[in-house]
file model06.cif (mmCIF, N, CA and C atoms)
data_start
loop_
_atom_site.group_PDB
_atom_site.id
_atom_site.type_symbol
_atom_site.label_atom_id
_atom_site.label_comp_id
_atom_site.auth_asym_id
_atom_site.auth_seq_id
_atom_site.Cartn_x
_atom_site.Cartn_y
_atom_site.Cartn_z
ATOM 1 N N MET A 1 0.837 -1.175 0.000
ATOM 2 C CA MET A 1 0.000 0.000 0.000
ATOM 3 C C MET A 1 0.882 1.238 0.000
ATOM 4 N N SER A 2 0.386 2.293 -0.512
ATOM 5 C CA SER A 2 1.119 3.548 -0.640
ATOM 6 C C SER A 2 1.467 4.141 0.713
ATOM 7 N N GLU A 3 2.637 4.777 0.805
ATOM 8 C CA GLU A 3 3.027 5.464 2.020
ATOM 9 C C GLU A 3 2.134 6.680 2.288
ATOM 10 N N GLU A 4 1.368 7.072 1.294
ATOM 11 C CA GLU A 4 0.465 8.216 1.433
ATOM 12 C C GLU A 4 -0.451 8.056 2.645
ATOM 13 N N PHE A 5 -0.798 6.824 3.001
ATOM 14 C CA PHE A 5 -1.701 6.567 4.118
ATOM 15 C C PHE A 5 -0.939 6.166 5.376
ATOM 16 N N GLY A 6 0.370 6.391 5.431
ATOM 17 C CA GLY A 6 1.185 5.930 6.529
ATOM 18 C C GLY A 6 1.180 6.828 7.753
ATOM 19 N N ASN A 7 0.747 8.067 7.664
ATOM 20 C CA ASN A 7 0.764 8.983 8.801
ATOM 21 C C ASN A 7 -0.332 8.639 9.797
ATOM 22 N N ASP A 8 -0.107 9.007 11.069
ATOM 23 C CA ASP A 8 -1.109 8.768 12.099
ATOM 24 C C ASP A 8 -2.246 9.775 12.024
ATOM 25 N N LEU A 9 -1.963 11.021 11.622
ATOM 26 C CA LEU A 9 -2.991 12.054 11.533
ATOM 27 C C LEU A 9 -3.255 12.401 10.079
ATOM 28 N N VAL A 10 -4.527 12.590 9.774
ATOM 29 C CA VAL A 10 -4.917 12.938 8.419
ATOM 30 C C VAL A 10 -6.104 13.893 8.499
ATOM 31 N N THR A 11 -6.168 14.836 7.569
ATOM 32 C CA THR A 11 -7.299 15.751 7.504
ATOM 33 C C THR A 11 -8.253 15.245 6.435
ATOM 34 N N LEU A 12 -9.490 15.015 6.833
ATOM 35 C CA LEU A 12 -10.533 14.532 5.920
ATOM 36 C C LEU A 12 -11.596 15.604 5.773
ATOM 37 N N THR A 13 -12.233 15.631 4.619
ATOM 38 C CA THR A 13 -13.304 16.582 4.347
ATOM 39 C C THR A 13 -14.631 15.845 4.395
ATOM 40 N N ASP A 14 -15.567 16.346 5.215
ATOM 41 C CA ASP A 14 -16.868 15.686 5.320
ATOM 42 C C ASP A 14 -17.781 16.103 4.174
ATOM 43 N N GLU A 15 -19.010 15.560 4.187
ATOM 44 C CA GLU A 15 -19.946 15.823 3.089
ATOM 45 C C GLU A 15 -20.373 17.280 3.001
ATOM 46 N N ASP A 16 -20.156 18.044 4.089
ATOM 47 C CA ASP A 16 -20.504 19.466 4.087
ATOM 48 C C ASP A 16 -19.313 20.357 3.727
ATOM 49 N N GLY A 17 -18.172 19.734 3.412
ATOM 50 C CA GLY A 17 -16.990 20.497 3.033
ATOM 51 C C GLY A 17 -16.141 20.940 4.209
ATOM 52 N N ASN A 18 -16.472 20.488 5.416
ATOM 53 C CA ASN A 18 -15.690 20.832 6.606
ATOM 54 C C ASN A 18 -14.477 19.921 6.721
ATOM 55 N N GLU A 19 -13.322 20.500 7.030
ATOM 56 C CA GLU A 19 -12.123 19.709 7.235
ATOM 57 C C GLU A 19 -12.008 19.337 8.707
ATOM 58 N N VAL A 20 -11.775 18.051 8.965
ATOM 59 C CA VAL A 20 -11.661 17.539 10.326
ATOM 60 C C VAL A 20 -10.417 16.663 10.387
ATOM 61 N N GLU A 21 -9.635 16.822 11.463
ATOM 62 C CA GLU A 21 -8.438 16.019 11.622
ATOM 63 C C GLU A 21 -8.788 14.721 12.346
ATOM 64 N N PHE A 22 -8.295 13.605 11.786
ATOM 65 C CA PHE A 22 -8.545 12.284 12.343
ATOM 66 C C PHE A 22 -7.220 11.579 12.596
ATOM 67 N N GLU A 23 -7.272 10.636 13.532
ATOM 68 C CA GLU A 23 -6.122 9.788 13.812
ATOM 69 C C GLU A 23 -6.380 8.409 13.222
ATOM 70 N N HIS A 24 -5.415 7.908 12.462
ATOM 71 C CA HIS A 24 -5.509 6.570 11.889
ATOM 72 C C HIS A 24 -5.234 5.571 13.006
ATOM 73 N N ILE A 25 -6.182 4.662 13.245
ATOM 74 C CA ILE A 25 -6.010 3.704 14.338
ATOM 75 C C ILE A 25 -5.746 2.282 13.870
ATOM 76 N N ASP A 26 -6.137 1.942 12.637
ATOM 77 C CA ASP A 26 -5.898 0.580 12.167
ATOM 78 C C ASP A 26 -6.131 0.491 10.664
ATOM 79 N N THR A 27 -5.498 -0.508 10.076
ATOM 80 C CA THR A 27 -5.714 -0.867 8.677
ATOM 81 C C THR A 27 -6.031 -2.346 8.662
ATOM 82 N N VAL A 28 -7.143 -2.717 8.034
ATOM 83 C CA VAL A 28 -7.540 -4.124 7.996
ATOM 84 C C VAL A 28 -7.894 -4.534 6.570
ATOM 85 N N GLU A 29 -7.709 -5.828 6.323
ATOM 86 C CA GLU A 29 -8.122 -6.430 5.063
ATOM 87 C C GLU A 29 -9.443 -7.145 5.310
ATOM 88 N N TYR A 30 -10.399 -6.965 4.402
ATOM 89 C CA TYR A 30 -11.686 -7.642 4.513
ATOM 90 C C TYR A 30 -12.160 -7.988 3.119
ATOM 91 N N LYS A 31 -12.326 -9.280 2.878
ATOM 92 C CA LYS A 31 -12.773 -9.784 1.572
ATOM 93 C C LYS A 31 -11.942 -9.217 0.421
ATOM 94 N N GLY A 32 -10.629 -9.210 0.610
ATOM 95 C CA GLY A 32 -9.716 -8.796 -0.439
ATOM 96 C C GLY A 32 -9.579 -7.302 -0.633
ATOM 97 N N GLU A 33 -10.211 -6.512 0.202
ATOM 98 C CA GLU A 33 -10.135 -5.053 0.106
ATOM 99 C C GLU A 33 -9.457 -4.493 1.358
ATOM 100 N N THR A 34 -8.864 -3.299 1.222
ATOM 101 C CA THR A 34 -8.182 -2.653 2.336
ATOM 102 C C THR A 34 -9.047 -1.525 2.880
ATOM 103 N N TYR A 35 -9.174 -1.500 4.203
ATOM 104 C CA TYR A 35 -9.970 -0.481 4.881
ATOM 105 C C TYR A 35 -9.120 0.166 5.975
ATOM 106 N N LEU A 36 -9.319 1.446 6.184
ATOM 107 C CA LEU A 36 -8.632 2.179 7.233
ATOM 108 C C LEU A 36 -9.661 2.682 8.224
ATOM 109 N N ALA A 37 -9.311 2.628 9.508
ATOM 110 C CA ALA A 37 -10.190 3.104 10.571
ATOM 111 C C ALA A 37 -9.576 4.347 11.196
ATOM 112 N N PHE A 38 -10.413 5.346 11.427
ATOM 113 C CA PHE A 38 -9.987 6.629 11.992
ATOM 114 C C PHE A 38 -10.906 7.018 13.138
ATOM 115 N N ILE A 39 -10.354 7.794 14.083
ATOM 116 C CA ILE A 39 -11.160 8.442 15.114
ATOM 117 C C ILE A 39 -10.813 9.926 15.086
ATOM 118 N N PRO A 40 -11.739 10.792 15.525
ATOM 119 C CA PRO A 40 -11.414 12.227 15.563
ATOM 120 C C PRO A 40 -10.165 12.464 16.415
ATOM 121 N N ALA A 41 -9.274 13.295 15.942
ATOM 122 C CA ALA A 41 -8.007 13.546 16.630
ATOM 123 C C ALA A 41 -8.210 14.305 17.935
ATOM 124 N N GLU A 42 -9.245 15.116 18.005
ATOM 125 C CA GLU A 42 -9.474 15.955 19.189
ATOM 126 C C GLU A 42 -10.632 15.395 20.016
ATOM 127 N N LEU A 43 -10.388 14.279 20.668
ATOM 128 C CA LEU A 43 -11.410 13.678 21.528
ATOM 129 C C LEU A 43 -11.133 14.030 22.981
ATOM 130 N N SER A 44 -12.198 14.367 23.709
ATOM 131 C CA SER A 44 -12.028 14.519 25.154
ATOM 132 C C SER A 44 -12.226 13.135 25.774
ATOM 133 N N LEU A 45 -11.772 12.958 26.981
ATOM 134 C CA LEU A 45 -11.876 11.659 27.635
ATOM 135 C C LEU A 45 -13.321 11.238 27.868
ATOM 136 N N GLU A 46 -14.231 12.210 27.948
ATOM 137 C CA GLU A 46 -15.632 11.902 28.203
ATOM 138 C C GLU A 46 -16.383 11.470 26.942
ATOM 139 N N GLU A 47 -15.842 11.772 25.781
ATOM 140 C CA GLU A 47 -16.533 11.471 24.535
ATOM 141 C C GLU A 47 -16.300 10.038 24.085
ATOM 142 N N GLU A 48 -17.335 9.450 23.495
ATOM 143 C CA GLU A 48 -17.172 8.164 22.842
ATOM 144 C C GLU A 48 -16.572 8.424 21.474
ATOM 145 N N ALA A 49 -15.654 7.581 21.080
ATOM 146 C CA ALA A 49 -14.993 7.753 19.791
ATOM 147 C C ALA A 49 -15.906 7.292 18.661
ATOM 148 N N GLU A 50 -16.112 8.178 17.711
ATOM 149 C CA GLU A 50 -16.812 7.805 16.490
ATOM 150 C C GLU A 50 -15.750 7.265 15.546
ATOM 151 N N VAL A 51 -15.879 5.996 15.169
ATOM 152 C CA VAL A 51 -14.910 5.383 14.275
ATOM 153 C C VAL A 51 -15.397 5.577 12.842
ATOM 154 N N VAL A 52 -14.513 6.110 12.019
ATOM 155 C CA VAL A 52 -14.815 6.316 10.604
ATOM 156 C C VAL A 52 -14.057 5.252 9.817
ATOM 157 N N ILE A 53 -14.782 4.486 9.003
ATOM 158 C CA ILE A 53 -14.180 3.440 8.177
ATOM 159 C C ILE A 53 -14.170 3.926 6.736
ATOM 160 N N LEU A 54 -12.988 3.910 6.120
ATOM 161 C CA LEU A 54 -12.849 4.287 4.717
ATOM 162 C C LEU A 54 -12.140 3.171 3.967
ATOM 163 N N GLN A 55 -12.495 3.031 2.703
ATOM 164 C CA GLN A 55 -11.907 1.991 1.859
ATOM 165 C C GLN A 55 -10.841 2.594 0.958
ATOM 166 N N VAL A 56 -9.750 1.861 0.775
ATOM 167 C CA VAL A 56 -8.723 2.272 -0.170
ATOM 168 C C VAL A 56 -9.162 1.772 -1.542
ATOM 169 N N VAL A 57 -9.344 2.704 -2.473
ATOM 170 C CA VAL A 57 -9.723 2.350 -3.843
ATOM 171 C C VAL A 57 -8.737 2.993 -4.808
ATOM 172 N N GLU A 58 -8.627 2.394 -5.973
ATOM 173 C CA GLU A 58 -7.751 2.958 -6.985
ATOM 174 C C GLU A 58 -8.597 3.748 -7.974
ATOM 175 N N GLU A 59 -8.176 4.983 -8.199
ATOM 176 C CA GLU A 59 -8.880 5.851 -9.140
ATOM 177 C C GLU A 59 -7.836 6.565 -9.987
ATOM 178 N N ASN A 60 -7.904 6.352 -11.281
ATOM 179 C CA ASN A 60 -6.942 6.943 -12.204
ATOM 180 C C ASN A 60 -5.499 6.626 -11.819
ATOM 181 N N GLY A 61 -5.270 5.386 -11.387
ATOM 182 C CA GLY A 61 -3.934 4.944 -11.045
ATOM 183 C C GLY A 61 -3.433 5.389 -9.683
ATOM 184 N N GLU A 62 -4.263 6.060 -8.892
ATOM 185 C CA GLU A 62 -3.869 6.526 -7.561
ATOM 186 C C GLU A 62 -4.757 5.890 -6.503
ATOM 187 N N GLU A 63 -4.173 5.638 -5.327
ATOM 188 C CA GLU A 63 -4.957 5.145 -4.212
ATOM 189 C C GLU A 63 -5.600 6.327 -3.495
ATOM 190 N N ILE A 64 -6.913 6.234 -3.295
ATOM 191 C CA ILE A 64 -7.640 7.267 -2.566
ATOM 192 C C ILE A 64 -8.505 6.596 -1.507
ATOM 193 N N LEU A 65 -8.992 7.379 -0.573
ATOM 194 C CA LEU A 65 -9.900 6.882 0.451
ATOM 195 C C LEU A 65 -11.326 7.221 0.057
ATOM 196 N N ALA A 66 -12.209 6.231 0.165
ATOM 197 C CA ALA A 66 -13.605 6.425 -0.206
ATOM 198 C C ALA A 66 -14.508 5.962 0.925
ATOM 199 N N SER A 67 -15.653 6.602 1.048
ATOM 200 C CA SER A 67 -16.648 6.199 2.041
ATOM 201 C C SER A 67 -17.129 4.787 1.750
ATOM 202 N N VAL A 68 -17.469 4.075 2.803
ATOM 203 C CA VAL A 68 -18.036 2.736 2.664
ATOM 204 C C VAL A 68 -19.551 2.897 2.708
ATOM 205 N N GLU A 69 -20.204 2.650 1.597
ATOM 206 C CA GLU A 69 -21.656 2.848 1.504
ATOM 207 C C GLU A 69 -22.452 1.684 2.075
ATOM 208 N N ASP A 70 -21.877 0.483 2.065
ATOM 209 C CA ASP A 70 -22.563 -0.718 2.524
ATOM 210 C C ASP A 70 -22.399 -0.849 4.041
ATOM 211 N N ASP A 71 -23.491 -0.683 4.779
ATOM 212 C CA ASP A 71 -23.445 -0.749 6.244
ATOM 213 C C ASP A 71 -22.976 -2.114 6.746
ATOM 214 N N THR A 72 -23.297 -3.175 6.027
ATOM 215 C CA THR A 72 -22.878 -4.519 6.431
ATOM 216 C C THR A 72 -21.359 -4.629 6.400
ATOM 217 N N ILE A 73 -20.742 -4.097 5.351
ATOM 218 C CA ILE A 73 -19.279 -4.122 5.240
ATOM 219 C C ILE A 73 -18.664 -3.226 6.305
ATOM 220 N N ALA A 74 -19.206 -2.022 6.475
ATOM 221 C CA ALA A 74 -18.674 -1.101 7.482
ATOM 222 C C ALA A 74 -18.743 -1.724 8.878
ATOM 223 N N ASP A 75 -19.854 -2.390 9.191
ATOM 224 C CA ASP A 75 -20.007 -3.028 10.497
ATOM 225 C C ASP A 75 -19.010 -4.178 10.673
ATOM 226 N N ALA A 76 -18.805 -4.959 9.616
ATOM 227 C CA ALA A 76 -17.864 -6.081 9.688
ATOM 228 C C ALA A 76 -16.438 -5.576 9.893
ATOM 229 N N VAL A 77 -16.067 -4.516 9.188
ATOM 230 C CA VAL A 77 -14.725 -3.941 9.343
ATOM 231 C C VAL A 77 -14.580 -3.351 10.740
ATOM 232 N N PHE A 78 -15.593 -2.655 11.218
ATOM 233 C CA PHE A 78 -15.579 -2.106 12.574
ATOM 234 C C PHE A 78 -15.353 -3.217 13.596
ATOM 235 N N ASP A 79 -16.062 -4.329 13.439
ATOM 236 C CA ASP A 79 -15.904 -5.456 14.356
ATOM 237 C C ASP A 79 -14.470 -5.985 14.339
ATOM 238 N N LEU A 80 -13.861 -6.058 13.154
ATOM 239 C CA LEU A 80 -12.461 -6.494 13.045
ATOM 240 C C LEU A 80 -11.528 -5.538 13.783
ATOM 241 N N VAL A 81 -11.760 -4.244 13.621
ATOM 242 C CA VAL A 81 -10.936 -3.239 14.287
ATOM 243 C C VAL A 81 -11.032 -3.393 15.805
ATOM 244 N N ILE A 82 -12.246 -3.575 16.313
ATOM 245 C CA ILE A 82 -12.458 -3.730 17.752
ATOM 246 C C ILE A 82 -11.799 -5.015 18.254
ATOM 247 N N GLU A 83 -11.961 -6.111 17.515
ATOM 248 C CA GLU A 83 -11.346 -7.381 17.906
ATOM 249 C C GLU A 83 -9.827 -7.238 17.992
ATOM 250 N N ARG A 84 -9.234 -6.574 17.015
ATOM 251 C CA ARG A 84 -7.778 -6.398 16.999
ATOM 252 C C ARG A 84 -7.334 -5.505 18.156
ATOM 253 N N ALA A 85 -8.097 -4.469 18.458
ATOM 254 C CA ALA A 85 -7.742 -3.571 19.566
ATOM 255 C C ALA A 85 -7.825 -4.316 20.897
ATOM 256 N N GLU A 86 -8.864 -5.137 21.071
ATOM 257 C CA GLU A 86 -9.011 -5.903 22.295
ATOM 258 C C GLU A 86 -7.906 -6.935 22.436
ATOM 259 N N ALA A 87 -7.496 -7.546 21.333
ATOM 260 C CA ALA A 87 -6.416 -8.538 21.359
ATOM 261 C C ALA A 87 -5.089 -7.881 21.746
ATOM 262 N N GLU A 88 -4.866 -6.646 21.318
ATOM 263 C CA GLU A 88 -3.649 -5.935 21.664
ATOM 264 C C GLU A 88 -3.598 -5.588 23.147
ATOM 265 N N GLU A 89 -4.758 -5.345 23.750
ATOM 266 C CA GLU A 89 -4.825 -4.995 25.163
ATOM 267 C C GLU A 89 -4.500 -6.176 26.061
ATOM 268 N N GLU A 90 -4.714 -7.386 25.571
ATOM 269 C CA GLU A 90 -4.493 -8.592 26.396
ATOM 270 C C GLU A 90 -3.053 -8.957 26.498
#
call {"tool": "encode", "arguments": {"input": "model06.cif", "output": "structure tokens"}}
result
Amino acid sequence: MSEEFGNDLVTLTDEDGNEVEFEHIDTVEYKGETYLAFIPAELSLEEEAEVVILQVVEENGEEILASVEDDTIADAVFDLVIERAEAEEE
């Protein structure tokens, strides 16, 4: 995979055009595709982390991050991320 996605912090643009900084927490493979999981970089300890799942897709020869439209896939990838995080804690 491209080093372009190697940094821990990344700025993403939401559907309203707002830029938000996120922290990359994991990269997982699911059914032959690569997905990246992010949480907002500026979380307070009281807030629950909203995990954002994005898929690495190739467009015009470049790897880009795309929203996951299928809730079933997003949920499965989320579950993998949580399982891996829990395994690391043990």
call {"tool": "select_by_dssp", "arguments": {"input": "model06.cif", "residues": "chain A", "states": "helix (DSSP H, G or I)", "output": "mmCIF file with N, CA and C atoms, in the coordinates of the input"}}
result
data_model
loop_
_atom_site.group_PDB
_atom_site.id
_atom_site.type_symbol
_atom_site.label_atom_id
_atom_site.label_comp_id
_atom_site.auth_asym_id
_atom_site.auth_seq_id
_atom_site.Cartn_x
_atom_site.Cartn_y
_atom_site.Cartn_z
ATOM 1 N N GLU A 3 2.637 4.777 0.805
ATOM 2 C CA GLU A 3 3.027 5.464 2.020
ATOM 3 C C GLU A 3 2.134 6.680 2.288
ATOM 4 N N GLU A 4 1.368 7.072 1.294
ATOM 5 C CA GLU A 4 0.465 8.216 1.433
ATOM 6 C C GLU A 4 -0.451 8.056 2.645
ATOM 7 N N PHE A 5 -0.798 6.824 3.001
ATOM 8 C CA PHE A 5 -1.701 6.567 4.118
ATOM 9 C C PHE A 5 -0.939 6.166 5.376
ATOM 10 N N ASP A 71 -23.491 -0.683 4.779
ATOM 11 C CA ASP A 71 -23.445 -0.749 6.244
ATOM 12 C C ASP A 71 -22.976 -2.114 6.746
ATOM 13 N N THR A 72 -23.297 -3.175 6.027
ATOM 14 C CA THR A 72 -22.878 -4.519 6.431
ATOM 15 C C THR A 72 -21.359 -4.629 6.400
ATOM 16 N N ILE A 73 -20.742 -4.097 5.351
ATOM 17 C CA ILE A 73 -19.279 -4.122 5.240
ATOM 18 C C ILE A 73 -18.664 -3.226 6.305
ATOM 19 N N ALA A 74 -19.206 -2.022 6.475
ATOM 20 C CA ALA A 74 -18.674 -1.101 7.482
ATOM 21 C C ALA A 74 -18.743 -1.724 8.878
ATOM 22 N N ASP A 75 -19.854 -2.390 9.191
ATOM 23 C CA ASP A 75 -20.007 -3.028 10.497
ATOM 24 C C ASP A 75 -19.010 -4.178 10.673
ATOM 25 N N ALA A 76 -18.805 -4.959 9.616
ATOM 26 C CA ALA A 76 -17.864 -6.081 9.688
ATOM 27 C C ALA A 76 -16.438 -5.576 9.893
ATOM 28 N N VAL A 77 -16.067 -4.516 9.188
ATOM 29 C CA VAL A 77 -14.725 -3.941 9.343
ATOM 30 C C VAL A 77 -14.580 -3.351 10.740
ATOM 31 N N PHE A 78 -15.593 -2.655 11.218
ATOM 32 C CA PHE A 78 -15.579 -2.106 12.574
ATOM 33 C C PHE A 78 -15.353 -3.217 13.596
ATOM 34 N N ASP A 79 -16.062 -4.329 13.439
ATOM 35 C CA ASP A 79 -15.904 -5.456 14.356
ATOM 36 C C ASP A 79 -14.470 -5.985 14.339
ATOM 37 N N LEU A 80 -13.861 -6.058 13.154
ATOM 38 C CA LEU A 80 -12.461 -6.494 13.045
ATOM 39 C C LEU A 80 -11.528 -5.538 13.783
ATOM 40 N N VAL A 81 -11.760 -4.244 13.621
ATOM 41 C CA VAL A 81 -10.936 -3.239 14.287
ATOM 42 C C VAL A 81 -11.032 -3.393 15.805
ATOM 43 N N ILE A 82 -12.246 -3.575 16.313
ATOM 44 C CA ILE A 82 -12.458 -3.730 17.752
ATOM 45 C C ILE A 82 -11.799 -5.015 18.254
ATOM 46 N N GLU A 83 -11.961 -6.111 17.515
ATOM 47 C CA GLU A 83 -11.346 -7.381 17.906
ATOM 48 C C GLU A 83 -9.827 -7.238 17.992
ATOM 49 N N ARG A 84 -9.234 -6.574 17.015
ATOM 50 C CA ARG A 84 -7.778 -6.398 16.999
ATOM 51 C C ARG A 84 -7.334 -5.505 18.156
ATOM 52 N N ALA A 85 -8.097 -4.469 18.458
ATOM 53 C CA ALA A 85 -7.742 -3.571 19.566
ATOM 54 C C ALA A 85 -7.825 -4.316 20.897
ATOM 55 N N GLU A 86 -8.864 -5.137 21.071
ATOM 56 C CA GLU A 86 -9.011 -5.903 22.295
ATOM 57 C C GLU A 86 -7.906 -6.935 22.436
ATOM 58 N N ALA A 87 -7.496 -7.546 21.333
ATOM 59 C CA ALA A 87 -6.416 -8.538 21.359
ATOM 60 C C ALA A 87 -5.089 -7.881 21.746
ATOM 61 N N GLU A 88 -4.866 -6.646 21.318
ATOM 62 C CA GLU A 88 -3.649 -5.935 21.664
ATOM 63 C C GLU A 88 -3.598 -5.588 23.147
ATOM 64 N N GLU A 89 -4.758 -5.345 23.750
ATOM 65 C CA GLU A 89 -4.825 -4.995 25.163
ATOM 66 C C GLU A 89 -4.500 -6.176 26.061
#
call {"tool": "residues_around", "arguments": {"input": "model06.cif", "residues": "segment 66-71 of chain A", "least_positions_apart": "3", "cutoff": "7 Å", "atoms": "all atoms listed in the file", "output": "VMD selection string"}}
result
chain A and resid 53 to 57 74 to 76
call {"tool": "resolve_selection", "arguments": {"input": "model06.cif", "expression": "the PyMOL selection byres ((chain A and resi 30-37) around 8)", "output": "PyMOL selection string"}}
result
chain A and resi 22-29+38-39+51-57+65+76-78+81
call {"tool": "atom_distance", "arguments": {"input": "model06.cif", "atom1": "atom CA of Glu42 of chain A", "atom2": "atom CA of Glu21 of chain A"}}
result
7.6 Å
call {"tool": "atom_distance", "arguments": {"input": "model06.cif", "atom1": "atom C of Val10 of chain A", "atom2": "atom N of Pro40 of chain A"}}
result
9.5 Å
